[in-house]
file upload10.cif (mmCIF, N, CA and C atoms)
data_data
#
loop_
_atom_site.label_atom_id
_atom_site.label_comp_id
_atom_site.auth_asym_id
_atom_site.auth_seq_id
_atom_site.Cartn_x
_atom_site.Cartn_y
_atom_site.Cartn_z
N MET A 21 11.70 -8.83 -7.50
CA MET A 21 12.87 -9.27 -6.77
C MET A 21 12.90 -10.79 -6.79
N LYS A 22 13.82 -11.36 -7.52
CA LYS A 22 13.95 -12.80 -7.63
C LYS A 22 15.02 -13.28 -6.68
N LEU A 23 14.61 -14.16 -5.80
CA LEU A 23 15.55 -14.71 -4.84
C LEU A 23 15.87 -16.14 -5.25
N ASP A 24 17.14 -16.45 -5.47
CA ASP A 24 17.50 -17.82 -5.77
C ASP A 24 17.75 -18.57 -4.47
N SER A 25 17.73 -19.88 -4.56
CA SER A 25 17.82 -20.70 -3.35
C SER A 25 19.16 -20.52 -2.64
N GLU A 26 20.21 -20.22 -3.38
CA GLU A 26 21.51 -20.04 -2.75
C GLU A 26 21.55 -18.79 -1.88
N SER A 27 20.96 -17.70 -2.38
CA SER A 27 21.00 -16.46 -1.60
C SER A 27 20.12 -16.56 -0.36
N VAL A 28 19.01 -17.28 -0.44
CA VAL A 28 18.15 -17.44 0.73
C VAL A 28 18.83 -18.35 1.76
N GLN A 29 19.52 -19.36 1.30
CA GLN A 29 20.19 -20.26 2.23
C GLN A 29 21.35 -19.56 2.94
N GLU A 30 21.91 -18.52 2.33
CA GLU A 30 22.99 -17.77 2.96
C GLU A 30 22.49 -16.93 4.12
N PHE A 31 21.21 -16.52 4.08
CA PHE A 31 20.65 -15.72 5.16
C PHE A 31 20.49 -16.57 6.41
N LYS A 32 20.66 -15.94 7.53
CA LYS A 32 20.39 -16.62 8.78
C LYS A 32 18.89 -16.63 9.00
N PRO A 33 18.36 -17.59 9.75
CA PRO A 33 16.91 -17.64 9.98
C PRO A 33 16.35 -16.36 10.61
N GLU A 34 17.12 -15.73 11.48
CA GLU A 34 16.64 -14.49 12.10
C GLU A 34 16.52 -13.39 11.05
N ARG A 35 17.46 -13.35 10.15
CA ARG A 35 17.45 -12.34 9.07
C ARG A 35 16.25 -12.55 8.14
N ILE A 36 15.97 -13.80 7.81
CA ILE A 36 14.84 -14.11 6.94
C ILE A 36 13.54 -13.69 7.60
N ARG A 37 13.41 -13.95 8.89
CA ARG A 37 12.18 -13.56 9.60
C ARG A 37 12.02 -12.05 9.64
N LYS A 38 13.12 -11.32 9.80
CA LYS A 38 13.04 -9.86 9.82
C LYS A 38 12.62 -9.32 8.45
N VAL A 39 13.18 -9.90 7.39
CA VAL A 39 12.82 -9.47 6.04
C VAL A 39 11.34 -9.76 5.79
N LEU A 40 10.89 -10.95 6.16
CA LEU A 40 9.49 -11.31 5.97
C LEU A 40 8.58 -10.41 6.79
N LEU A 41 8.96 -10.11 8.01
CA LEU A 41 8.16 -9.22 8.85
C LEU A 41 8.08 -7.83 8.23
N THR A 42 9.18 -7.34 7.70
CA THR A 42 9.18 -6.03 7.04
C THR A 42 8.26 -6.03 5.83
N VAL A 43 8.30 -7.09 5.04
CA VAL A 43 7.43 -7.20 3.87
C VAL A 43 5.97 -7.24 4.30
N ILE A 44 5.66 -7.98 5.34
CA ILE A 44 4.27 -8.07 5.82
C ILE A 44 3.78 -6.72 6.34
N ILE A 45 4.63 -6.01 7.05
CA ILE A 45 4.23 -4.69 7.56
C ILE A 45 4.01 -3.72 6.41
N LEU A 46 4.90 -3.70 5.43
CA LEU A 46 4.73 -2.84 4.26
C LEU A 46 3.44 -3.17 3.51
N LYS A 47 3.18 -4.45 3.35
CA LYS A 47 1.95 -4.88 2.66
C LYS A 47 0.72 -4.39 3.42
N SER A 48 0.74 -4.50 4.72
CA SER A 48 -0.40 -4.06 5.53
C SER A 48 -0.61 -2.56 5.43
N LEU A 49 0.47 -1.79 5.47
CA LEU A 49 0.36 -0.33 5.35
C LEU A 49 -0.18 0.08 3.98
N ILE A 50 0.29 -0.59 2.94
CA ILE A 50 -0.20 -0.29 1.59
C ILE A 50 -1.68 -0.62 1.48
N GLU A 51 -2.08 -1.78 2.01
CA GLU A 51 -3.50 -2.17 1.96
C GLU A 51 -4.37 -1.17 2.72
N LEU A 52 -3.92 -0.76 3.88
CA LEU A 52 -4.69 0.18 4.69
C LEU A 52 -4.82 1.52 3.97
N SER A 53 -3.73 2.02 3.41
CA SER A 53 -3.79 3.29 2.68
C SER A 53 -4.70 3.19 1.47
N LEU A 54 -4.62 2.08 0.76
CA LEU A 54 -5.48 1.89 -0.41
C LEU A 54 -6.95 1.84 -0.01
N MET A 55 -7.25 1.17 1.10
CA MET A 55 -8.64 1.13 1.58
C MET A 55 -9.14 2.51 1.97
N PHE A 56 -8.30 3.31 2.61
CA PHE A 56 -8.70 4.67 2.98
C PHE A 56 -9.02 5.51 1.75
N VAL A 57 -8.16 5.44 0.74
CA VAL A 57 -8.35 6.25 -0.46
C VAL A 57 -9.62 5.81 -1.22
N VAL A 58 -9.81 4.51 -1.37
CA VAL A 58 -10.99 4.00 -2.09
C VAL A 58 -12.27 4.30 -1.31
N ALA A 59 -12.25 4.10 0.01
CA ALA A 59 -13.43 4.39 0.83
C ALA A 59 -13.76 5.88 0.80
N ARG A 60 -12.74 6.72 0.82
CA ARG A 60 -12.96 8.17 0.73
C ARG A 60 -13.63 8.52 -0.58
N PHE A 61 -13.18 7.91 -1.67
CA PHE A 61 -13.77 8.16 -2.98
C PHE A 61 -15.23 7.71 -3.02
N LEU A 62 -15.49 6.49 -2.56
CA LEU A 62 -16.86 5.96 -2.60
C LEU A 62 -17.81 6.76 -1.71
N LEU A 63 -17.36 7.11 -0.52
CA LEU A 63 -18.21 7.91 0.36
C LEU A 63 -18.42 9.31 -0.20
N GLY A 64 -17.42 9.85 -0.87
CA GLY A 64 -17.57 11.13 -1.53
C GLY A 64 -18.63 11.09 -2.62
N LEU A 65 -18.71 9.97 -3.34
CA LEU A 65 -19.76 9.81 -4.35
C LEU A 65 -21.14 9.76 -3.70
N LEU A 66 -21.24 9.04 -2.59
CA LEU A 66 -22.54 8.92 -1.91
C LEU A 66 -22.96 10.21 -1.23
N ALA A 67 -22.02 10.91 -0.63
CA ALA A 67 -22.35 12.11 0.13
C ALA A 67 -22.59 13.31 -0.78
N GLY A 68 -22.00 13.31 -1.96
CA GLY A 68 -22.21 14.40 -2.90
C GLY A 68 -21.52 15.68 -2.48
N ALA A 69 -22.19 16.81 -2.74
CA ALA A 69 -21.58 18.12 -2.49
C ALA A 69 -21.41 18.41 -1.00
N LYS A 70 -22.18 17.76 -0.16
CA LYS A 70 -22.11 18.02 1.28
C LYS A 70 -21.14 17.06 2.00
N ARG A 71 -20.23 16.50 1.24
CA ARG A 71 -19.31 15.54 1.86
C ARG A 71 -18.40 16.18 2.88
N SER A 72 -18.10 17.46 2.74
CA SER A 72 -17.18 18.10 3.69
C SER A 72 -17.81 18.23 5.08
N THR A 73 -19.13 18.10 5.18
CA THR A 73 -19.78 18.13 6.50
C THR A 73 -20.01 16.74 7.06
N ASN A 74 -19.71 15.71 6.27
CA ASN A 74 -19.88 14.33 6.71
C ASN A 74 -18.70 13.93 7.59
N VAL A 75 -18.99 13.51 8.80
CA VAL A 75 -17.94 13.16 9.77
C VAL A 75 -17.10 11.98 9.28
N PHE A 76 -17.73 10.98 8.71
CA PHE A 76 -16.99 9.81 8.25
C PHE A 76 -16.09 10.15 7.07
N TRP A 77 -16.56 11.01 6.17
CA TRP A 77 -15.72 11.44 5.06
C TRP A 77 -14.53 12.24 5.58
N GLN A 78 -14.75 13.04 6.61
CA GLN A 78 -13.65 13.81 7.19
C GLN A 78 -12.61 12.88 7.81
N LEU A 79 -13.05 11.82 8.47
CA LEU A 79 -12.11 10.84 9.05
C LEU A 79 -11.31 10.14 7.96
N LEU A 80 -12.00 9.72 6.89
CA LEU A 80 -11.30 9.08 5.79
C LEU A 80 -10.36 10.05 5.08
N ASP A 81 -10.75 11.31 5.02
CA ASP A 81 -9.91 12.32 4.40
C ASP A 81 -8.62 12.50 5.20
N ILE A 82 -8.74 12.54 6.51
CA ILE A 82 -7.56 12.67 7.37
C ILE A 82 -6.67 11.43 7.26
N ALA A 83 -7.30 10.24 7.23
CA ALA A 83 -6.53 9.00 7.16
C ALA A 83 -5.81 8.83 5.83
N SER A 84 -6.38 9.38 4.77
CA SER A 84 -5.75 9.22 3.45
C SER A 84 -4.79 10.35 3.10
N LYS A 85 -4.70 11.37 3.93
CA LYS A 85 -3.84 12.53 3.66
C LYS A 85 -2.36 12.16 3.41
N PRO A 86 -1.75 11.27 4.20
CA PRO A 86 -0.32 10.98 3.95
C PRO A 86 -0.06 10.43 2.55
N ALA A 87 -0.88 9.50 2.10
CA ALA A 87 -0.68 8.93 0.76
C ALA A 87 -0.95 9.97 -0.32
N LEU A 88 -1.98 10.79 -0.12
CA LEU A 88 -2.29 11.85 -1.08
C LEU A 88 -1.16 12.89 -1.12
N TRP A 89 -0.60 13.21 0.03
CA TRP A 89 0.48 14.19 0.11
C TRP A 89 1.73 13.69 -0.63
N ILE A 90 2.07 12.41 -0.42
CA ILE A 90 3.23 11.83 -1.11
C ILE A 90 3.03 11.90 -2.61
N THR A 91 1.82 11.55 -3.06
CA THR A 91 1.54 11.58 -4.49
C THR A 91 1.66 13.00 -5.04
N ARG A 92 1.15 13.96 -4.31
CA ARG A 92 1.22 15.35 -4.77
C ARG A 92 2.67 15.82 -4.85
N GLN A 93 3.51 15.37 -3.92
CA GLN A 93 4.91 15.79 -3.90
C GLN A 93 5.71 15.22 -5.06
N VAL A 94 5.43 13.97 -5.43
CA VAL A 94 6.22 13.33 -6.49
C VAL A 94 5.63 13.54 -7.88
N SER A 95 4.39 13.99 -7.97
CA SER A 95 3.77 14.18 -9.28
C SER A 95 4.06 15.58 -9.80
N PRO A 96 4.11 15.71 -11.11
CA PRO A 96 4.35 17.04 -11.67
C PRO A 96 3.16 17.97 -11.42
N LYS A 97 3.44 19.25 -11.43
CA LYS A 97 2.38 20.25 -11.17
C LYS A 97 1.32 20.25 -12.27
N LEU A 98 1.63 19.64 -13.40
CA LEU A 98 0.69 19.54 -14.51
C LEU A 98 -0.55 18.73 -14.12
N ILE A 99 -0.39 17.78 -13.22
CA ILE A 99 -1.51 16.94 -12.77
C ILE A 99 -2.40 17.77 -11.84
N LEU A 100 -3.68 17.80 -12.15
CA LEU A 100 -4.64 18.57 -11.36
C LEU A 100 -4.86 17.92 -10.01
N ASP A 101 -5.21 18.73 -9.02
CA ASP A 101 -5.45 18.22 -7.68
C ASP A 101 -6.60 17.22 -7.64
N GLN A 102 -7.57 17.38 -8.52
CA GLN A 102 -8.70 16.46 -8.51
C GLN A 102 -8.32 15.07 -9.02
N HIS A 103 -7.17 14.94 -9.67
CA HIS A 103 -6.71 13.65 -10.17
C HIS A 103 -5.73 12.95 -9.23
N ILE A 104 -5.34 13.62 -8.18
CA ILE A 104 -4.38 13.04 -7.23
C ILE A 104 -4.90 11.77 -6.56
N PRO A 105 -6.17 11.70 -6.14
CA PRO A 105 -6.65 10.44 -5.54
C PRO A 105 -6.56 9.25 -6.50
N LEU A 106 -6.83 9.47 -7.78
CA LEU A 106 -6.72 8.39 -8.76
C LEU A 106 -5.26 7.97 -8.93
N ALA A 107 -4.37 8.93 -8.99
CA ALA A 107 -2.94 8.62 -9.09
C ALA A 107 -2.46 7.88 -7.84
N THR A 108 -2.97 8.30 -6.68
CA THR A 108 -2.59 7.64 -5.43
C THR A 108 -3.05 6.19 -5.42
N ALA A 109 -4.30 5.97 -5.80
CA ALA A 109 -4.82 4.60 -5.84
C ALA A 109 -4.03 3.75 -6.84
N SER A 110 -3.64 4.35 -7.94
CA SER A 110 -2.88 3.62 -8.96
C SER A 110 -1.52 3.16 -8.45
N TRP A 111 -0.75 4.09 -7.85
CA TRP A 111 0.58 3.67 -7.39
C TRP A 111 0.48 2.76 -6.18
N LEU A 112 -0.54 2.92 -5.34
CA LEU A 112 -0.71 2.00 -4.21
C LEU A 112 -1.04 0.59 -4.70
N LEU A 113 -1.87 0.50 -5.74
CA LEU A 113 -2.21 -0.81 -6.29
C LEU A 113 -0.97 -1.47 -6.91
N ILE A 114 -0.18 -0.69 -7.62
CA ILE A 114 1.06 -1.23 -8.20
C ILE A 114 2.03 -1.66 -7.09
N ALA A 115 2.16 -0.85 -6.06
CA ALA A 115 3.04 -1.20 -4.94
C ALA A 115 2.55 -2.46 -4.24
N TRP A 116 1.22 -2.61 -4.13
CA TRP A 116 0.67 -3.80 -3.48
C TRP A 116 0.99 -5.05 -4.29
N VAL A 117 0.84 -4.98 -5.60
CA VAL A 117 1.15 -6.14 -6.45
C VAL A 117 2.62 -6.51 -6.32
N LEU A 118 3.49 -5.52 -6.32
CA LEU A 118 4.92 -5.80 -6.21
C LEU A 118 5.29 -6.40 -4.85
N ILE A 119 4.71 -5.87 -3.78
CA ILE A 119 5.05 -6.39 -2.45
C ILE A 119 4.47 -7.79 -2.24
N VAL A 120 3.32 -8.07 -2.84
CA VAL A 120 2.77 -9.43 -2.76
C VAL A 120 3.67 -10.40 -3.51
N LYS A 121 4.20 -9.96 -4.65
CA LYS A 121 5.13 -10.82 -5.39
C LYS A 121 6.38 -11.12 -4.55
N VAL A 122 6.91 -10.11 -3.89
CA VAL A 122 8.08 -10.31 -3.04
C VAL A 122 7.75 -11.28 -1.91
N LYS A 123 6.57 -11.11 -1.30
CA LYS A 123 6.18 -12.00 -0.20
C LYS A 123 6.02 -13.44 -0.69
N VAL A 124 5.40 -13.62 -1.83
CA VAL A 124 5.22 -14.97 -2.38
C VAL A 124 6.57 -15.59 -2.70
N ASP A 125 7.47 -14.82 -3.29
CA ASP A 125 8.81 -15.34 -3.58
C ASP A 125 9.53 -15.77 -2.30
N LEU A 126 9.44 -14.93 -1.27
CA LEU A 126 10.06 -15.29 0.01
C LEU A 126 9.45 -16.55 0.60
N CYS A 127 8.13 -16.64 0.55
CA CYS A 127 7.46 -17.80 1.12
C CYS A 127 7.78 -19.07 0.35
N LEU A 128 7.86 -18.97 -0.97
CA LEU A 128 8.21 -20.15 -1.76
C LEU A 128 9.64 -20.60 -1.48
N GLN A 129 10.53 -19.67 -1.27
CA GLN A 129 11.92 -20.02 -1.00
C GLN A 129 12.12 -20.57 0.41
N MET A 130 11.36 -20.03 1.35
CA MET A 130 11.55 -20.42 2.76
C MET A 130 10.71 -21.62 3.15
N GLY A 131 9.64 -21.87 2.42
CA GLY A 131 8.74 -22.94 2.78
C GLY A 131 7.45 -22.37 3.36
N ALA A 132 6.39 -23.12 3.18
CA ALA A 132 5.06 -22.63 3.58
C ALA A 132 4.93 -22.48 5.09
N THR A 133 5.66 -23.25 5.85
CA THR A 133 5.51 -23.16 7.31
C THR A 133 6.03 -21.82 7.86
N ALA A 134 6.96 -21.21 7.17
CA ALA A 134 7.51 -19.94 7.64
C ALA A 134 6.54 -18.79 7.43
N CYS A 135 5.58 -18.96 6.54
CA CYS A 135 4.66 -17.86 6.19
C CYS A 135 3.29 -17.99 6.85
N GLN A 136 3.15 -18.88 7.77
CA GLN A 136 1.84 -19.04 8.41
C GLN A 136 1.72 -18.15 9.60
#
call {"tool": "encode", "arguments": {"input": "upload10.cif", "output": "structure tokens"}}
result
Amino acid sequence: MKLDSESVQEFKPERIRKVLLTVIILKSLIELSLMFVVARFLLGLLAGAKRSTNVFWQLLDIASKPALWITRQVSPKLILDQHIPLATASWLLIAWVLIVKVKVDLCLQMGATACQ
């Protein structure tokens, strides 16, 4: 999303702050979901076959369920269930890169003081 200086100047300051706040909230949610999925994967490697009895793995499994569910819903049935966490981490990483780019563009257009 490329914002030119004319379009940013047309926005009211309240509108710019709301857009920036929305971008920051989305970025935080994406980061949190990505951390849950990656931590679940790493703890699953450490816990091995008995991971389903591990309380911390169960917590991470519950926390990562929404992102995994979304991925399962939008992915074709051809993709195996065991590959869904990798697909989830992939689209979350891509979404994070895109939202960071939007945030940087907004901050560059608005000035560094608005993004502190």
call {"tool": "residues_around", "arguments": {"input": "upload10.cif", "residues": "Leu46 in chain A", "least_positions_apart": "6", "cutoff": "8 Å", "atoms": "only N, CA and C atoms", "output": "mmCIF file with N, CA and C atoms, in the frame of the given file"}}
result
data_model
loop_
_atom_site.group_PDB
_atom_site.id
_atom_site.type_symbol
_atom_site.label_atom_id
_atom_site.label_comp_id
_atom_site.auth_asym_id
_atom_site.auth_seq_id
_atom_site.Cartn_x
_atom_site.Cartn_y
_atom_site.Cartn_z
ATOM 1 N N LEU A 40 10.890 -10.950 6.160
ATOM 2 C CA LEU A 40 9.490 -11.310 5.970
ATOM 3 C C LEU A 40 8.580 -10.410 6.790
ATOM 4 N N LEU A 52 -3.920 -0.760 3.880
ATOM 5 C CA LEU A 52 -4.690 0.180 4.690
ATOM 6 C C LEU A 52 -4.820 1.520 3.970
ATOM 7 N N ALA A 115 2.160 -0.850 -6.060
ATOM 8 C CA ALA A 115 3.040 -1.200 -4.940
ATOM 9 C C ALA A 115 2.550 -2.460 -4.240
ATOM 10 N N TRP A 116 1.220 -2.610 -4.130
ATOM 11 C CA TRP A 116 0.670 -3.800 -3.480
ATOM 12 C C TRP A 116 0.990 -5.050 -4.290
ATOM 13 N N ILE A 119 4.710 -5.870 -3.780
ATOM 14 C CA ILE A 119 5.050 -6.390 -2.450
ATOM 15 C C ILE A 119 4.470 -7.790 -2.240
#
call {"tool": "axis_aligned_box", "arguments": {"input": "upload10.cif", "around": "range 125-129 of chain A", "padding_each_side": "4 Å", "output": "JSON"}}
result
{"center_x": 9.8, "center_y": -17.7, "center_z": -1.2, "size_x": 12.7, "size_y": 13.8, "size_z": 12.7}
call {"tool": "residues_around", "arguments": {"input": "upload10.cif", "residues": "Thr91 in chain A", "least_positions_apart": "6", "cutoff": "7 Å", "atoms": "only N, CA and C atoms", "output": "MDAnalysis selection string"}}
result
chainID A and resid 104 107:108
call {"tool": "resolve_selection", "arguments": {"input": "upload10.cif", "expression": "the PyMOL selection byres (((chain A and resi 73-81 and name CA) around 12) and name CA)", "output": "NGL selection string"}}
result
:A and (52-72 or 82-89 or 105)
call {"tool": "write_last_selection", "arguments": {"input": "upload10.cif", "atoms": "N, CA and C atoms", "output": "JSON list (two decimals), in the coordinates of the input"}}
result
[["chain", "number", "residue", "atom", "x", "y", "z"],
["A", 52, "LEU", "N", -3.92, -0.76, 3.88],
["A", 52, "LEU", "CA", -4.69, 0.18, 4.69],
["A", 52, "LEU", "C", -4.82, 1.52, 3.97],
["A", 53, "SER", "N", -3.73, 2.02, 3.41],
["A", 53, "SER", "CA", -3.79, 3.29, 2.68],
["A", 53, "SER", "C", -4.70, 3.19, 1.47],
["A", 54, "LEU", "N", -4.62, 2.08, 0.76],
["A", 54, "LEU", "CA", -5.48, 1.89, -0.41],
["A", 54, "LEU", "C", -6.95, 1.84, -0.01],
["A", 55, "MET", "N", -7.25, 1.17, 1.10],
["A", 55, "MET", "CA", -8.64, 1.13, 1.58],
["A", 55, "MET", "C", -9.14, 2.51, 1.97],
["A", 56, "PHE", "N", -8.30, 3.31, 2.61],
["A", 56, "PHE", "CA", -8.70, 4.67, 2.98],
["A", 56, "PHE", "C", -9.02, 5.51, 1.75],
["A", 57, "VAL", "N", -8.16, 5.44, 0.74],
["A", 57, "VAL", "CA", -8.35, 6.25, -0.46],
["A", 57, "VAL", "C", -9.62, 5.81, -1.22],
["A", 58, "VAL", "N", -9.81, 4.51, -1.37],
["A", 58, "VAL", "CA", -10.99, 4.00, -2.09],
["A", 58, "VAL", "C", -12.27, 4.30, -1.31],
["A", 59, "ALA", "N", -12.25, 4.10, 0.01],
["A", 59, "ALA", "CA", -13.43, 4.39, 0.83],
["A", 59, "ALA", "C", -13.76, 5.88, 0.80],
["A", 60, "ARG", "N", -12.74, 6.72, 0.82],
["A", 60, "ARG", "CA", -12.96, 8.17, 0.73],
["A", 60, "ARG", "C", -13.63, 8.52, -0.58],
["A", 61, "PHE", "N", -13.18, 7.91, -1.67],
["A", 61, "PHE", "CA", -13.77, 8.16, -2.98],
["A", 61, "PHE", "C", -15.23, 7.71, -3.02],
["A", 62, "LEU", "N", -15.49, 6.49, -2.56],
["A", 62, "LEU", "CA", -16.86, 5.96, -2.60],
["A", 62, "LEU", "C", -17.81, 6.76, -1.71],
["A", 63, "LEU", "N", -17.36, 7.11, -0.52],
["A", 63, "LEU", "CA", -18.21, 7.91, 0.36],
["A", 63, "LEU", "C", -18.42, 9.31, -0.20],
["A", 64, "GLY", "N", -17.42, 9.85, -0.87],
["A", 64, "GLY", "CA", -17.57, 11.13, -1.53],
["A", 64, "GLY", "C", -18.63, 11.09, -2.62],
["A", 65, "LEU", "N", -18.71, 9.97, -3.34],
["A", 65, "LEU", "CA", -19.76, 9.81, -4.35],
["A", 65, "LEU", "C", -21.14, 9.76, -3.70],
["A", 66, "LEU", "N", -21.24, 9.04, -2.59],
["A", 66, "LEU", "CA", -22.54, 8.92, -1.91],
["A", 66, "LEU", "C", -22.96, 10.21, -1.23],
["A", 67, "ALA", "N", -22.02, 10.91, -0.63],
["A", 67, "ALA", "CA", -22.35, 12.11, 0.13],
["A", 67, "ALA", "C", -22.59, 13.31, -0.78],
["A", 68, "GLY", "N", -22.00, 13.31, -1.96],
["A", 68, "GLY", "CA", -22.21, 14.40, -2.90],
["A", 68, "GLY", "C", -21.52, 15.68, -2.48],
["A", 69, "ALA", "N", -22.19, 16.81, -2.74],
["A", 69, "ALA", "CA", -21.58, 18.12, -2.49],
["A", 69, "ALA", "C", -21.41, 18.41, -1.00],
["A", 70, "LYS", "N", -22.18, 17.76, -0.16],
["A", 70, "LYS", "CA", -22.11, 18.02, 1.28],
["A", 70, "LYS", "C", -21.14, 17.06, 2.00],
["A", 71, "ARG", "N", -20.23, 16.50, 1.24],
["A", 71, "ARG", "CA", -19.31, 15.54, 1.86],
["A", 71, "ARG", "C", -18.40, 16.18, 2.88],
["A", 72, "SER", "N", -18.10, 17.46, 2.74],
["A", 72, "SER", "CA", -17.18, 18.10, 3.69],
["A", 72, "SER", "C", -17.81, 18.23, 5.08],
["A", 82, "ILE", "N", -8.74, 12.54, 6.51],
["A", 82, "ILE", "CA", -7.56, 12.67, 7.37],
["A", 82, "ILE", "C", -6.67, 11.43, 7.26],
["A", 83, "ALA", "N", -7.30, 10.24, 7.23],
["A", 83, "ALA", "CA", -6.53, 9.00, 7.16],
["A", 83, "ALA", "C", -5.81, 8.83, 5.83],
["A", 84, "SER", "N", -6.38, 9.38, 4.77],
["A", 84, "SER", "CA", -5.75, 9.22, 3.45],
["A", 84, "SER", "C", -4.79, 10.35, 3.10],
["A", 85, "LYS", "N", -4.70, 11.37, 3.93],
["A", 85, "LYS", "CA", -3.84, 12.53, 3.66],
["A", 85, "LYS", "C", -2.36, 12.16, 3.41],
["A", 86, "PRO", "N", -1.75, 11.27, 4.20],
["A", 86, "PRO", "CA", -0.32, 10.98, 3.95],
["A", 86, "PRO", "C", -0.06, 10.43, 2.55],
["A", 87, "ALA", "N", -0.88, 9.50, 2.10],
["A", 87, "ALA", "CA", -0.68, 8.93, 0.76],
["A", 87, "ALA", "C", -0.95, 9.97, -0.32],
["A", 88, "LEU", "N", -1.98, 10.79, -0.12],
["A", 88, "LEU", "CA", -2.29, 11.85, -1.08],
["A", 88, "LEU", "C", -1.16, 12.89, -1.12],
["A", 89, "TRP", "N", -0.60, 13.21, 0.03],
["A", 89, "TRP", "CA", 0.48, 14.19, 0.11],
["A", 89, "TRP", "C", 1.73, 13.69, -0.63],
["A", 105, "PRO", "N", -6.17, 11.70, -6.14],
["A", 105, "PRO", "CA", -6.65, 10.44, -5.54],
["A", 105, "PRO", "C", -6.56, 9.25, -6.50]]
call {"tool": "atom_distance", "arguments": {"input": "upload10.cif", "atom1": "atom N of Gln102 in chain A", "atom2": "atom N of Ile114 in chain A"}}
result
19.5 Å
call {"tool": "atom_distance", "arguments": {"input": "upload10.cif", "atom1": "atom C of Val39 in chain A", "atom2": "CA of Cys127 in chain A"}}
result
10.1 Å
call {"tool": "atom_distance", "arguments": {"input": "upload10.cif", "atom1": "CA of Leu41 in chain A", "atom2": "CA of Val94 in chain A"}}
result
27.3 Å
call {"tool": "closest_residue", "arguments": {"input": "upload10.cif", "among": "A:Ile90, A:Ile50, A:Ile36, A:Ala132", "to": "Leu118 in chain A", "atoms": "only C-alpha atoms"}}
result
A:Ile50
call {"tool": "decode", "arguments": {"input": "upload10.cif", "residues": "range 93-106 of chain A", "atoms": "N, CA and C atoms", "output": "PDB file, in the first residue's frame"}}
result
ATOM      1  N   GLN A  93      -9.596 -23.749   6.843  1.00  0.00           N
ATOM      2  CA  GLN A  93     -10.798 -23.367   6.104  1.00  0.00           C
ATOM      3  C   GLN A  93     -10.483 -22.843   4.709  1.00  0.00           C
ATOM      4  N   VAL A  94      -9.392 -22.100   4.567  1.00  0.00           N
ATOM      5  CA  VAL A  94      -9.075 -21.494   3.265  1.00  0.00           C
ATOM      6  C   VAL A  94      -8.192 -22.383   2.397  1.00  0.00           C
ATOM      7  N   SER A  95      -7.583 -23.409   2.974  1.00  0.00           N
ATOM      8  CA  SER A  95      -6.705 -24.273   2.189  1.00  0.00           C
ATOM      9  C   SER A  95      -7.507 -25.410   1.560  1.00  0.00           C
ATOM     10  N   PRO A  96      -7.045 -25.879   0.429  1.00  0.00           N
ATOM     11  CA  PRO A  96      -7.748 -27.000  -0.207  1.00  0.00           C
ATOM     12  C   PRO A  96      -7.608 -28.278   0.621  1.00  0.00           C
ATOM     13  N   LYS A  97      -8.551 -29.170   0.434  1.00  0.00           N
ATOM     14  CA  LYS A  97      -8.545 -30.435   1.190  1.00  0.00           C
ATOM     15  C   LYS A  97      -7.349 -31.308   0.826  1.00  0.00           C
ATOM     16  N   LEU A  98      -6.699 -31.006  -0.282  1.00  0.00           N
ATOM     17  CA  LEU A  98      -5.523 -31.741  -0.716  1.00  0.00           C
ATOM     18  C   LEU A  98      -4.372 -31.612   0.290  1.00  0.00           C
ATOM     19  N   ILE A  99      -4.313 -30.487   0.995  1.00  0.00           N
ATOM     20  CA  ILE A  99      -3.260 -30.255   1.989  1.00  0.00           C
ATOM     21  C   ILE A  99      -3.559 -31.098   3.224  1.00  0.00           C
ATOM     22  N   LEU A 100      -2.573 -31.870   3.644  1.00  0.00           N
ATOM     23  CA  LEU A 100      -2.732 -32.741   4.805  1.00  0.00           C
ATOM     24  C   LEU A 100      -2.798 -31.930   6.086  1.00  0.00           C
ATOM     25  N   ASP A 101      -3.476 -32.463   7.086  1.00  0.00           N
ATOM     26  CA  ASP A 101      -3.599 -31.771   8.368  1.00  0.00           C
ATOM     27  C   ASP A 101      -2.242 -31.543   9.032  1.00  0.00           C
ATOM     28  N   GLN A 102      -1.305 -32.428   8.799  1.00  0.00           N
ATOM     29  CA  GLN A 102       0.006 -32.273   9.427  1.00  0.00           C
ATOM     30  C   GLN A 102       0.796 -31.108   8.827  1.00  0.00           C
ATOM     31  N   HIS A 103       0.380 -30.614   7.664  1.00  0.00           N
ATOM     32  CA  HIS A 103       1.062 -29.488   7.028  1.00  0.00           C
ATOM     33  C   HIS A 103       0.404 -28.140   7.323  1.00  0.00           C
ATOM     34  N   ILE A 104      -0.720 -28.168   7.983  1.00  0.00           N
ATOM     35  CA  ILE A 104      -1.443 -26.924   8.284  1.00  0.00           C
ATOM     36  C   ILE A 104      -0.627 -25.967   9.162  1.00  0.00           C
ATOM     37  N   PRO A 105       0.081 -26.437  10.201  1.00  0.00           N
ATOM     38  CA  PRO A 105       0.893 -25.486  10.984  1.00  0.00           C
ATOM     39  C   PRO A 105       1.954 -24.772  10.154  1.00  0.00           C
ATOM     40  N   LEU A 106       2.577 -25.475   9.212  1.00  0.00           N
ATOM     41  CA  LEU A 106       3.569 -24.839   8.346  1.00  0.00           C
ATOM     42  C   LEU A 106       2.912 -23.802   7.432  1.00  0.00           C
TER      43      LEU A 106
END
